[in-house]
>>> print(open('final39.txt').read())   # compact mmCIF, C-alpha atoms
# COMPACT_ATOMS: atom_id res chain seq x y z
CA MET F 1 3.42 -25.02 -37.15
CA ALA F 2 -0.13 -23.64 -37.36
CA ILE F 3 -0.68 -24.46 -33.67
CA LEU F 4 2.46 -22.49 -32.72
CA LYS F 5 1.37 -19.47 -34.78
CA THR F 6 -2.13 -19.59 -33.27
CA THR F 7 -0.71 -19.88 -29.76
CA LEU F 8 1.60 -16.91 -30.30
CA LEU F 9 -1.26 -14.86 -31.76
CA VAL F 10 -3.46 -15.64 -28.74
CA ILE F 11 -0.64 -14.67 -26.35
CA VAL F 12 -0.04 -11.38 -28.16
CA LEU F 13 -3.76 -10.57 -28.20
CA LEU F 14 -4.07 -11.37 -24.48
CA ALA F 15 -1.08 -9.15 -23.69
CA LEU F 16 -2.61 -6.32 -25.71
CA ALA F 17 -5.97 -6.76 -23.97
CA VAL F 18 -4.35 -6.67 -20.51
CA GLY F 19 -2.28 -3.62 -21.48
CA LEU F 20 -5.36 -1.82 -22.77
CA ALA F 21 -7.33 -2.72 -19.63
CA ALA F 22 -4.49 -1.32 -17.51
CA GLN F 23 -4.34 1.93 -19.44
CA LEU F 24 -8.10 2.34 -19.13
CA GLY F 25 -7.75 2.02 -15.34
CA LEU F 26 -9.59 -1.29 -15.11
CA LEU F 27 -6.83 -2.79 -12.92
CA ARG F 28 -6.85 0.03 -10.31
CA GLY F 29 -9.49 -1.61 -8.15
CA ARG F 30 -11.78 0.38 -5.86
CA THR F 31 -10.78 2.38 -2.82
CA PRO F 32 -11.68 0.26 0.22
CA SER F 33 -14.50 1.81 2.24
CA ASP F 34 -13.10 0.61 5.57
CA LEU F 35 -9.79 2.46 5.67
CA GLY F 36 -8.84 4.64 8.63
CA ALA F 37 -8.35 4.01 12.34
CA ARG F 38 -11.24 2.59 14.33
CA ASP F 39 -10.96 1.89 18.03
CA GLY F 40 -7.19 2.35 17.86
CA ARG F 41 -6.72 -0.05 14.97
CA LEU F 42 -6.11 0.13 11.27
CA LYS F 43 -7.77 -2.41 9.00
CA PRO F 44 -6.35 -5.94 9.49
CA PRO F 45 -3.70 -7.23 7.10
CA SER F 46 -4.97 -8.97 3.98
CA THR F 47 -5.50 -12.72 4.23
CA THR F 48 -3.20 -13.16 1.22
CA PRO F 49 0.50 -12.16 1.04
CA ASN F 50 -0.02 -8.67 -0.38
CA SER F 51 0.07 -6.35 2.64
CA VAL F 52 2.10 -5.20 5.63
CA SER F 53 0.86 -3.84 8.95
CA SER F 54 2.54 -2.62 12.11
CA GLN F 55 -0.55 -3.87 13.95
CA ALA F 56 -0.50 -7.40 12.53
CA ALA F 57 -0.01 -8.85 16.03
CA LEU F 58 -3.45 -7.51 17.01
CA TYR F 59 -4.99 -10.05 14.62
CA PRO F 60 -3.72 -13.47 15.86
CA ASP F 61 -6.13 -15.44 13.65
CA ASN F 62 -4.98 -13.74 10.44
CA PRO F 63 -3.17 -16.32 8.27
CA GLN F 64 -0.72 -13.66 7.02
CA ARG F 65 0.09 -12.17 10.43
CA ALA F 66 3.78 -13.16 10.34
CA TYR F 67 4.23 -12.16 6.69
CA ALA F 68 2.52 -8.79 7.25
CA ALA F 69 4.35 -7.77 10.42
CA ILE F 70 6.40 -4.58 10.06
CA ALA F 71 7.69 -2.07 12.60
CA PRO F 72 5.78 1.15 13.28
CA PHE F 73 7.43 4.55 12.79
CA PRO F 74 8.67 6.49 15.81
CA ALA F 75 6.94 9.84 16.33
CA SER F 76 9.85 11.48 18.10
CA GLU F 77 8.88 15.01 17.06
CA GLY F 78 5.15 14.49 17.65
CA GLY F 79 2.48 12.70 15.64
CA PRO F 80 1.22 15.51 13.39
CA GLN F 81 4.74 16.73 12.63
CA THR F 82 5.97 13.23 11.81
CA LEU F 83 2.92 12.56 9.62
CA GLU F 84 3.61 15.81 7.76
CA ARG F 85 7.20 14.68 7.13
CA ILE F 86 5.93 11.29 5.93
CA ARG F 87 3.46 13.06 3.61
CA ARG F 88 6.27 15.10 2.06
CA VAL F 89 8.42 11.97 1.61
CA CYS F 90 5.53 10.11 -0.04
CA GLU F 91 4.73 13.00 -2.38
CA GLY F 92 8.26 12.72 -3.75
CA MET F 93 7.82 9.06 -4.64
CA PRO F 94 6.70 7.78 -8.06
CA GLY F 95 2.97 7.21 -8.48
CA ALA F 96 2.03 8.72 -5.10
CA LYS F 97 -1.22 10.58 -4.56
CA VAL F 98 -2.32 11.81 -1.14
CA ALA F 99 -5.95 10.73 -0.73
CA LYS F 100 -6.46 12.03 2.81
CA SER F 101 -4.29 14.02 5.20
CA ASP F 102 -5.40 14.90 8.73
CA PRO F 103 -3.28 15.79 11.79
CA GLY F 104 -3.46 12.17 13.02
CA TYR F 105 -3.97 10.18 9.82
CA LEU F 106 -2.54 9.95 6.29
CA HIS F 107 -3.74 7.84 3.35
CA VAL F 108 -1.56 7.68 0.24
CA GLN F 109 -2.37 5.78 -2.94
CA PHE F 110 0.58 4.46 -4.95
CA GLU F 111 -0.10 3.61 -8.61
CA THR F 112 2.30 1.53 -10.69
CA ARG F 113 3.44 3.15 -13.92
CA TRP F 114 2.54 0.58 -16.54
CA MET F 115 -0.19 -1.64 -15.17
CA LYS F 116 -1.86 1.07 -13.02
CA PHE F 117 -2.24 -1.23 -9.99
CA VAL F 118 -2.97 0.75 -6.81
CA ASP F 119 -1.74 0.10 -3.28
CA ASP F 120 -3.31 1.91 -0.33
CA THR F 121 -0.87 3.00 2.38
CA GLU F 122 -2.14 4.35 5.69
CA PHE F 123 -0.32 6.02 8.55
CA TRP F 124 -2.05 6.62 11.90
CA PHE F 125 -0.63 8.37 14.94
CA ASP F 126 -1.26 6.38 18.12
CA PRO F 127 -1.01 9.01 20.88
CA ARG F 128 -0.93 6.40 23.67
CA ALA F 129 2.06 4.58 22.24
CA GLY F 130 3.68 7.65 20.66
CA LEU F 131 4.06 5.73 17.37
CA ILE F 132 2.92 6.02 13.78
CA HIS F 133 1.27 2.76 12.77
CA VAL F 134 1.34 1.81 9.11
CA ARG F 135 -0.65 -0.49 6.86
CA SER F 136 -0.01 -0.91 3.15
CA ALA F 137 -1.96 -3.28 0.92
CA SER F 138 -2.55 -4.03 -2.72
CA ARG F 139 -6.12 -3.59 -3.91
CA MET F 140 -5.93 -6.41 -6.43
CA GLY F 141 -4.10 -9.69 -6.73
CA ARG F 142 -3.03 -12.29 -4.24
CA LYS F 143 0.68 -11.41 -4.02
CA ASP F 144 2.61 -8.17 -4.05
CA PHE F 145 6.09 -9.74 -4.37
CA GLY F 146 7.27 -7.63 -1.40
CA VAL F 147 6.42 -4.28 -3.01
CA ASN F 148 4.43 -2.91 -0.05
CA ARG F 149 7.16 -3.84 2.46
CA ALA F 150 9.89 -2.38 0.26
CA ARG F 151 7.93 0.86 -0.17
CA VAL F 152 7.29 1.27 3.57
CA GLU F 153 10.96 0.60 4.31
CA ALA F 154 11.98 3.12 1.60
CA ILE F 155 9.74 5.71 3.27
CA ARG F 156 11.33 4.87 6.62
CA ALA F 157 14.85 5.23 5.17
CA ARG F 158 14.04 8.57 3.51
CA LEU F 159 12.43 9.82 6.72
CA GLU F 160 15.52 8.87 8.76
CA ALA F 161 17.86 10.46 6.18
CA ARG F 162 16.15 13.88 6.51
>>> encode(input="final39.txt", output="structure tokens")
Amino acid sequence: MAILKTTLLVIVLLALAVGLAAQLGLLRGRTPSDLGARDGRLKPPSTTPNSVSSQAALYPDNPQRAYAAIAPFPASEGGPQTLERIRRVCEGMPGAKVAKSDPGYLHVQFETRWMKFVDDTEFWFDPRAGLIHVRSASRMGRKDFGVNRARVEAIRARLEAR
């Protein structure tokens, strides 16, 4: 009986410690320094299943290429105009904070409510292809349980509904 009580006490104390760490922002992670488009490419997908990228096919050696693959956004009304619409959609979503907004590039940070985990979502207008490429990745952890894909598809659905 004493072992059970001790085990439960340890579990409760661990849960409290994790909750406190989250509220203090210790689970946010750091903003990656290599975000943005370089030579027509966004950063590669993560090597663990916690990101999506419309440019995943450009990285054939990436072990998560198939998992990360997602369709780009059409830029039917022009890149800057479509990025502005995406920015407005994102700003209406829970936990969203626009970190950078330029005519051809948008970086939005999404923070979860309770644990304060942050995902970085980037949109880049490719003028040659006439598309908006997207990359969304968790800063911490090995898995995102499909959260980044679901968020990008929710943005796509809201964009198409407008």
>>> closest_residue(input="final39.txt", among="F:Ala2, F:Val108, F:Ala71, F:Val52", to="F:Gly92", atoms="all atoms listed in the file")
F:Val108
>>> residues_around(input="final39.txt", residues="F:Ala68", least_positions_apart="5", cutoff="7 Å", atoms="all atoms listed in the file", output="MDAnalysis selection string")
chainID F and resid 45 51:53 56
>>> residues_around(input="final39.txt", residues="F:Pro60", least_positions_apart="3", cutoff="12 Å", atoms="only C-alpha atoms", output="compact mmCIF listing (two decimals) with C-alpha atoms, keeping the file's coordinate frame")
# COMPACT_ATOMS: atom_id res chain seq x y z
CA PRO F 44 -6.35 -5.94 9.49
CA PRO F 45 -3.70 -7.23 7.10
CA THR F 47 -5.50 -12.72 4.23
CA GLN F 55 -0.55 -3.87 13.95
CA ALA F 56 -0.50 -7.40 12.53
CA ALA F 57 -0.01 -8.85 16.03
CA PRO F 63 -3.17 -16.32 8.27
CA GLN F 64 -0.72 -13.66 7.02
CA ARG F 65 0.09 -12.17 10.43
CA ALA F 66 3.78 -13.16 10.34
CA ALA F 68 2.52 -8.79 7.25
CA ALA F 69 4.35 -7.77 10.42
>>> residues_around(input="final39.txt", residues="F:Asn148", least_positions_apart="2", cutoff="12 Å", atoms="all atoms listed in the file", output="PyMOL selection string")
chain F and resi 45-46+49-53+67-70+109-112+118-122+134-139+143-146+150-155
>>> atom_distance(input="final39.txt", atom1="atom CA of F:Ile86", atom2="atom CA of F:Phe73")
9.7 Å
>>> atom_distance(input="final39.txt", atom1="atom CA of F:Leu42", atom2="atom CA of F:Pro74")
16.7 Å
>>> closest_residue(input="final39.txt", among="F:Arg158, F:Leu58, F:Ala96, F:Phe125", to="F:Gln81", atoms="only C-alpha atoms")
F:Phe125
>>> closest_residue(input="final39.txt", among="F:Pro72, F:Gly40, F:Gly29, F:Gly141", to="F:Pro127", atoms="only C-alpha atoms")
F:Gly40
>>> atom_distance(input="final39.txt", atom1="atom CA of F:Ala37", atom2="atom CA of F:Thr82")
17.0 Å
>>> axis_aligned_box(input="final39.txt", around="stretch 115-118 of chain F", padding_each_side="5 Å", output="JSON")
{"center_x": -1.6, "center_y": -0.3, "center_z": -11.0, "size_x": 12.8, "size_y": 12.7, "size_z": 18.4}
>>> closest_residue(input="final39.txt", among="F:Met93, F:Ala129, F:Leu4, F:Met140", to="F:Pro32", atoms="only C-alpha atoms")
F:Met140
>>> residues_around(input="final39.txt", residues="stretch 104-106 of chain F", least_positions_apart="5", cutoff="7 Å", atoms="all atoms listed in the file", output="ChimeraX atom specification")
/F:79-80,83,122-125
